[in-house]
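Visitor: Okay, here's the structure, questions in a sec.
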Amino acid sequence: MNCSISGEVPEEPVVSKKSGLLYEKRLIERHISDYGKCPVTGEPLTMDDIVPVKTGKIVKPRSLTAASIPGMLGMFQNEWDALMLSNFALEQQLHTARQELSHALYQHDAACRVIARLKKERDEARSLLAQAERQAPLPATAVTANVSALTNGKRAAEDVDMGPGAKRMRPGISDSIIAELTECNAALSQQRKKRQIPPTLAPIDALERYTQLSSHPLHKTNKPGITSIDINLSKDIVATGGIDSSAVLFDRTSGEILSTLSGHSKKVTSVKFVAQNDAFLSGSADKTVRIWQGSEDGKYDCRHILKDHTAEVQAVTVHATNNYFVTASLDTTWCFYDLSSGICLTQVEDPSNSMGYTSAAFHPDGLILGTGTTEATVRIWDVKSRGNVANFDGHTGAVTAISFSENGYFLATAAHDGVKLWDLRKLKNFRSFELYDQDTPTNSVDFDHSGTYLAIAGSDIRVYQVGSVKADWNCIKTLPDLSGTGRATCVKFGPDARYLAVGSMDRNLRIFGLPEDDPSTES
């Protein structure tokens with residue numbers, strides 16, 4: 001009887017109660033600790049399901065070639081011949097590697113000389129151009145026309161209209177836009193009153209059985225780390241932003257990468273889908289925001305590069321109309337944009353002029369904006385008036401993430417000291433979760449689309465059943481961070497909470513759910 005994993009006779013045989021298969025004890029123990037399921041049948045398996053098999057001591061028979069002195073001499077001769085052949089092959093490989101290295105060093109030296117020459121020519125051209133501009137300056141109208149022509153469909157941020165104090169002049173949020181936002185708010189508020197939990201929503205007992213279904217290496221190995229996740233619920237496409245300065249669009253159903261969006265020069269801090277018009281937004285530590293437009297062939301092209309911020313862009317959030325979005329930055333401002341044109345309609349500065357923004361999210365109805373700051377404060381804004389209508393204090397450290405519940409009553413905020421829940425009707429904190437030790441921050445919070453569950457990511461991933469101000473919020477599942485980094489950076493619920501997408505400080509996107517809901521097993 002052989003082990004079902006190694007195919008060899010086991011030294012410590014054990015058998016599974018569920019499948020009846022025989023395994024080597026040390027091999028099945030390691031597999032269960034890594035995956036929690038049977039390596040052959042794929043069904044959930046624990047060490048409680050493993051039963052040791054009592055056998056007599058197994059003595060392996062001696063090889064026939066080792067039973068006599070001539071046989072042993074022949075065996076030693078064969079091993080010596082094999083060693084010599086292996087040594088000769090290694091010497092040949094070493095010689096080839098030395099030749100390739102010599103050639104590569106020669107090419108590198110030649111490339112360095114070419115780069116140095118090109119840099120010198122570039123600097124000379126820049127000097128000549130600057131000298132020519134000083135001698136023959138262009139009129140203001142010509143400069144404006146040239147900027148419009150040279151952007152090639154991408155709106156540059158070097159606006160020439162400056163207001164008092166050398167600040168850019170913004171068009172502002174017009175009365176027609178305010179009317180559109182108000183109409184959207186009224187429609188969504190009316191729908192929310194009739195809202196019912198969808199019958200397709202994953203039940204609590206299903207979430208209690210969630211386990212890792214798959215792990216996908218989406219980003220580069222030299223700069224690992226996923227900083228942001230978003231999901232297109234209608235198409236089941238997962239987007240990730242990475243420290244490697246790229247955003248990746250991943251089709252969960254097929255398990256394939258649809259597109260890798262490159263262009264940012266520093267880490268991508270926030271990614272967001274625009275549900276209706278196949279657009280995608282990415283914010284970066286390079287101070288820019290990019291608007292990407294999808295095409296019929298599945299590719300995404302950069303339509304606008306927005307350069308209105310002067311420090312890292314930390315958050316991007318899309319309005320419920322899908323026509324506008326907001327960006328928040330460490331430069332102490334947030335910007336309200338028109339999606340179709342990429343124009344910044346207004347740029348709002350922090351009233352204290354000292355708190356950079358680290359997170360942002362729209363209220364489900366769209367007239368309220370929540371922002372988290374570097375100094376542990378949550379600011380609530382009236383979008384129509386751009387006024388700061390409420391502040392929530394009490395956190396320790398920067399507010400890393402915020403999420404509004406679908407019913408519009410609750411706000412969850414995450415910071416270094418854990419998670420706090422706020423009642424938006426009475427503007428007060430009614431519950432706090434101090435989940436980890438003082439050296440482990442809470443990095444992400446996310447209500448599912450129905451407002452039934454709340455996911456929290458830190459050194460592990462925890463899922464809570466949403467209660468009320470007085471009723472308990474019960475933890476129904478704790479999932480380990482399997483990246484080995486001890487830091488889950490972002491978490492997002494899939495459609496109907498059928499799975500959880502988790503990003504960590506390695507380069508892998510991990511999907512947690514039920515094995516029967518794994519699309520890779522359906523084929």
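So you can find residues: chains in the structure tokens are A, B, ... in the order shown, residues in each start at 1, and ligands are numbered from 1 in order.
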If we count only C-alpha atoms, what is near stretch 426-440 of chain A at a cut-off of 9 Å, once residues fewer than 4 positions away on the same chain are taken out, given as a PyMOL selection string?

Guide: chain A and resi 390-392+394+416-422+458-459+469-470+473+486-487

Visitor: Please list as a list of chain:residue names every residue within 10 Å of A:Asn277, counting only C-alpha atoms and excluding residues in the same chain fewer than 4 positions away.

Guide: A:Phe273, A:Gln293, A:Gly294, A:Asn322, A:Asn323, A:Ser340

Visitor: Between A:Pro364, A:Gly36, A:Gly42, A:Gly494, which is the closest to A:Ala186 once you count only C-alpha atoms?

Guide: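 Among A:Pro364, A:Gly36, A:Gly42, A:Gly494, it is A:Pro364 that comes nearest to A:Ala186.
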
Visitor: Give the strand (DSSP E or B) residues of stretch 225-418 of chain A, as DSSP finds them on the backbone, and put them as a PyMOL selection string.

Guide: chain A and resi 226-232+237-242+247-251+256-261+268-274+279-284+289-294+300-306+313-318+324-329+333-338+344-349+357-362+368-373+378-382+387-392+401-404+410-415+418

Visitor: Could the residues in this selection be saved with C-alpha atoms as a short mmCIF file (atom, residue, chain, number, x, y, z; two decimals), in the first residue's frame?

Guide:
data_model
loop_
_atom_site.label_atom_id
_atom_site.label_comp_id
_atom_site.auth_asym_id
_atom_site.auth_seq_id
_atom_site.Cartn_x
_atom_site.Cartn_y
_atom_site.Cartn_z
CA ILE A 226 -1.05 45.00 -3.35
CA THR A 227 -2.32 48.31 -1.99
CA SER A 228 -5.89 48.51 -3.31
CA ILE A 229 -8.70 46.28 -4.64
CA ASP A 230 -11.98 46.96 -6.39
CA ILE A 231 -14.49 44.63 -8.07
CA ASN A 232 -16.77 45.19 -11.05
CA ILE A 237 -13.65 41.45 -12.69
CA VAL A 238 -11.17 42.18 -9.89
CA ALA A 239 -8.80 45.16 -10.12
CA THR A 240 -5.64 45.48 -8.02
CA GLY A 241 -3.21 48.35 -7.57
CA GLY A 242 0.37 47.47 -6.70
CA ALA A 247 -2.87 48.18 -12.00
CA VAL A 248 -4.05 44.71 -13.03
CA LEU A 249 -7.54 43.69 -14.21
CA PHE A 250 -8.25 40.03 -13.44
CA ASP A 251 -11.21 37.94 -14.68
CA GLU A 256 -6.91 35.09 -16.54
CA ILE A 257 -5.36 38.57 -16.47
CA LEU A 258 -7.35 40.82 -18.81
CA SER A 259 -5.02 43.78 -18.81
CA THR A 260 -2.01 45.24 -17.01
CA LEU A 261 -2.20 49.04 -16.93
CA VAL A 268 -0.77 52.73 -7.29
CA THR A 269 -2.61 53.65 -4.09
CA SER A 270 -6.27 53.40 -5.19
CA VAL A 271 -8.27 51.73 -7.99
CA LYS A 272 -11.97 52.13 -8.83
CA PHE A 273 -14.32 50.85 -11.52
CA VAL A 274 -16.97 53.10 -13.02
CA ALA A 279 -14.13 53.29 -17.36
CA PHE A 280 -11.50 52.69 -14.71
CA LEU A 281 -9.67 55.06 -12.36
CA SER A 282 -6.25 54.75 -10.73
CA GLY A 283 -4.59 57.07 -8.23
CA SER A 284 -0.89 57.00 -7.47
CA VAL A 289 -4.85 60.19 -11.37
CA ARG A 290 -5.43 58.33 -14.63
CA ILE A 291 -8.76 57.72 -16.35
CA TRP A 292 -8.71 54.52 -18.42
CA GLN A 293 -11.35 53.68 -21.02
CA GLY A 294 -12.14 50.09 -21.94
CA TYR A 300 -7.86 49.81 -21.64
CA ASP A 301 -6.38 53.06 -22.95
CA CYS A 302 -5.39 56.04 -20.80
CA ARG A 303 -7.80 58.83 -21.71
CA HIS A 304 -6.77 61.51 -19.19
CA ILE A 305 -3.86 62.16 -16.84
CA LEU A 306 -4.93 64.48 -14.02
CA VAL A 313 -3.07 60.73 -4.22
CA GLN A 314 -4.33 58.36 -1.52
CA ALA A 315 -7.96 57.65 -2.50
CA VAL A 316 -10.36 57.70 -5.45
CA THR A 317 -14.14 57.30 -5.02
CA VAL A 318 -16.90 57.36 -7.67
CA TYR A 324 -18.32 62.34 -11.26
CA PHE A 325 -15.59 61.23 -8.90
CA VAL A 326 -13.48 62.57 -6.04
CA THR A 327 -9.76 62.22 -5.33
CA ALA A 328 -8.12 62.81 -1.94
CA SER A 329 -4.46 63.63 -1.42
CA THR A 333 -7.14 68.87 -0.60
CA TRP A 334 -9.82 66.79 -2.29
CA CYS A 335 -10.92 67.36 -5.89
CA PHE A 336 -14.35 66.87 -7.50
CA TYR A 337 -14.02 65.83 -11.17
CA ASP A 338 -16.26 65.50 -14.19
CA CYS A 344 -11.46 69.37 -11.89
CA LEU A 345 -14.64 71.29 -11.08
CA THR A 346 -13.58 72.23 -7.56
CA GLN A 347 -10.64 71.66 -5.22
CA VAL A 348 -11.45 71.83 -1.50
CA GLU A 349 -8.72 72.45 1.06
CA TYR A 357 -6.18 62.90 3.35
CA THR A 358 -5.53 59.16 3.48
CA SER A 359 -8.96 57.74 2.51
CA ALA A 360 -12.28 58.84 1.01
CA ALA A 361 -15.70 57.40 0.16
CA PHE A 362 -19.08 58.67 -1.02
CA ILE A 368 -22.17 63.24 1.62
CA LEU A 369 -18.44 62.60 1.31
CA GLY A 370 -16.34 61.01 4.05
CA THR A 371 -12.58 61.55 4.24
CA GLY A 372 -9.96 60.15 6.60
CA THR A 373 -6.91 62.22 7.56
CA VAL A 378 -12.73 61.62 9.96
CA ARG A 379 -14.26 64.59 8.16
CA ILE A 380 -17.81 64.56 6.74
CA TRP A 381 -18.54 66.97 3.87
CA ASP A 382 -21.68 68.29 2.18
CA GLY A 387 -18.74 72.49 3.65
CA ASN A 388 -17.30 70.42 6.50
CA VAL A 389 -20.49 69.44 8.37
CA ALA A 390 -19.10 66.98 10.96
CA ASN A 391 -15.83 65.63 12.38
CA PHE A 392 -15.28 62.27 14.09
CA ALA A 401 -9.95 53.20 5.18
CA ILE A 402 -13.62 54.18 5.44
CA SER A 403 -16.78 52.44 4.23
CA PHE A 404 -20.47 53.43 4.36
CA PHE A 410 -23.41 53.44 9.56
CA LEU A 411 -19.84 54.42 8.78
CA ALA A 412 -16.92 52.06 9.47
CA THR A 413 -13.43 53.58 9.79
CA ALA A 414 -10.08 51.82 10.19
CA ALA A 415 -6.88 53.17 11.72
CA GLY A 418 -8.61 49.21 15.08
#

Visitor: Closest to A:Gly484 among A:Asp34, A:Pro13, A:Leu218, A:Ala179, using only C-alpha atoms?

Guide: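 Comparing A:Asp34, A:Pro13, A:Leu218, A:Ala179 against A:Gly484, the winner is A:Asp34.
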
Visitor: Between atom CA of A:Met505 and atom CA of A:Ala376, what is the spacing in Å?

Guide: 23.2 Å

Visitor: In Å, rounded to a single decimal, give me how far atom CA of A:Glu8 is from atom CA of A:Leu21.

Guide: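 Computing the Euclidean distance for atom CA of A:Leu21 and atom CA of A:Glu8 yields 13.5 Å.
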
Visitor: Point out the residue among A:Arg26, A:His395, A:Lys287, A:Arg252 with the least atom-to-atom distance to A:Leu213, counting only C-alpha atoms.

Guide: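 When distances to A:Leu213 are compared using only C-alpha atoms, the smallest one comes from A:Arg252.
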
Visitor: Between A:Tyr464, A:Lys223, A:Leu482, A:Gln196, which one has atoms that come closest to A:Asn407, using only C-alpha atoms?

Guide: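 Selected residue with least distance to A:Asn407: A:Gln196.
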
Visitor: Counting only C-alpha atoms, which residue out of A:Thr400, A:Ile476, A:Ser295, A:Pro198 sits closest to A:His449?

Guide: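 Checking each of A:Thr400, A:Ile476, A:Ser295, A:Pro198 against A:His449, counting only C-alpha atoms, the winner is A:Pro198.
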